[in-house]
Amino acid sequence: MTLSVCLTGQDIVAWITKNMNMDNDEAQSFSTMLVAFRYVYLLQDHRKLGLRPDGSLYRFQTLYFWPVQKWKAEDTDYAIYLAMRNIRKKGVLDAYEQEEYNKLHKWMNHKWEFIVMQAKEQYHAGKTCQKADRVVFDCQERAYWIVHRPPPQTHSAMDYGLDRHIDPNVEEVTVRPTCSKT
């Protein structure tokens, strides 16, 4: 049975403040780093990489997916994840995931049968687990891939140096700008 304890953002900050002898601002910053690296992940909005010090629900990531494990996020692993997600969602992926799925399918066409076979095997293996355990694992796996293969224009704590895709100091755009004809 999987331990599926949820905490609120304010509980995490309060615990860190109390038990790590930090002031509230330090605890907030430390908590945000825990979320950015996905040691803790937000349940409702998986793309947000900062901690909300309110009643938003968070869950601790399983040790297997922690960044300190240092297993490289390979294209084949991501392709298997997307294929399994595609099977589970009956072909309905997020737009960026569908685009990545199509690119990987085209690029890895020579071993696509193997990828789909692995995805089906993992999907059927997951079906033998209890639904609650399956849901928790799906959330944990998604949180892992959000860090290692983030959606376009999403901040990633794993980007650094010349590999950084976007400026982390720029506010995330949530509304698409409209074009006006002149």
# chains A, B, ... in the order shown; residues from 1 in each chain; ligands from 1
$ residues_around --residues "region 77-93 of chain A" --least-positions-apart "4" --cutoff "6 Å" --atoms "only C-alpha atoms" --output "PDB file with C-alpha atoms, in the first residue's frame"
ATOM      1  CA  GLU A  97       2.683  16.069 -25.186  1.00  0.00           C
ATOM      2  CA  GLN A  98       1.020  15.147 -28.472  1.00  0.00           C
ATOM      3  CA  ILE A 115       8.237   1.411 -27.212  1.00  0.00           C
ATOM      4  CA  ALA A 119       4.059   1.015 -22.711  1.00  0.00           C
TER       5      ALA A 119
END
$ select_by_dssp --residues "region 24-149 of chain A" --states "strand (DSSP E or B)" --output "list in words"
Val40, Tyr41, Leu42, Leu57, Tyr58, Arg59 and Phe60 of chain A
$ closest_residue --among "A:Val147, A:Met108, A:Gln122, A:Tyr96" --to "Asp75 (chain A)" --atoms "only C-alpha atoms"
A:Met108
$ residues_around --residues "region 9-24 of chain A" --least-positions-apart "5" --cutoff "8 Å" --atoms "only C-alpha atoms" --output "NGL selection string"
:A and (31 or 51-58)
$ write_last_selection --atoms "C-alpha atoms" --output "short mmCIF file (atom, residue, chain, number, x, y, z; two decimals), in the first residue's frame"
data_model
loop_
_atom_site.label_atom_id
_atom_site.label_comp_id
_atom_site.auth_asym_id
_atom_site.auth_seq_id
_atom_site.Cartn_x
_atom_site.Cartn_y
_atom_site.Cartn_z
CA SER A 31 9.75 25.12 0.26
CA LEU A 51 4.98 26.70 -3.32
CA ARG A 52 1.70 28.40 -2.50
CA PRO A 53 1.63 29.02 1.27
CA ASP A 54 -2.11 28.43 1.43
CA GLY A 55 -4.49 25.47 1.50
CA SER A 56 -3.26 24.02 -1.83
CA LEU A 57 -2.54 20.31 -1.52
CA TYR A 58 0.95 18.84 -1.99
#
$ select_by_dssp --residues "region 11-122 of chain A" --states "alpha helix (DSSP H)" --output "PyMOL selection string"
chain A and resi 11-19+24-36+75-88+95-107+112-122
$ residues_around --residues "Val136 (chain A)" --least-positions-apart "4" --cutoff "12 Å" --atoms "only C-alpha atoms" --output "number ranges by chain"
A: 1-6, 41, 43, 58-62, 126, 129-132, 140-143
$ atom_distance --atom1 "CA of Gly50 (chain A)" --atom2 "CA of Thr8 (chain A)"
13.1 Å
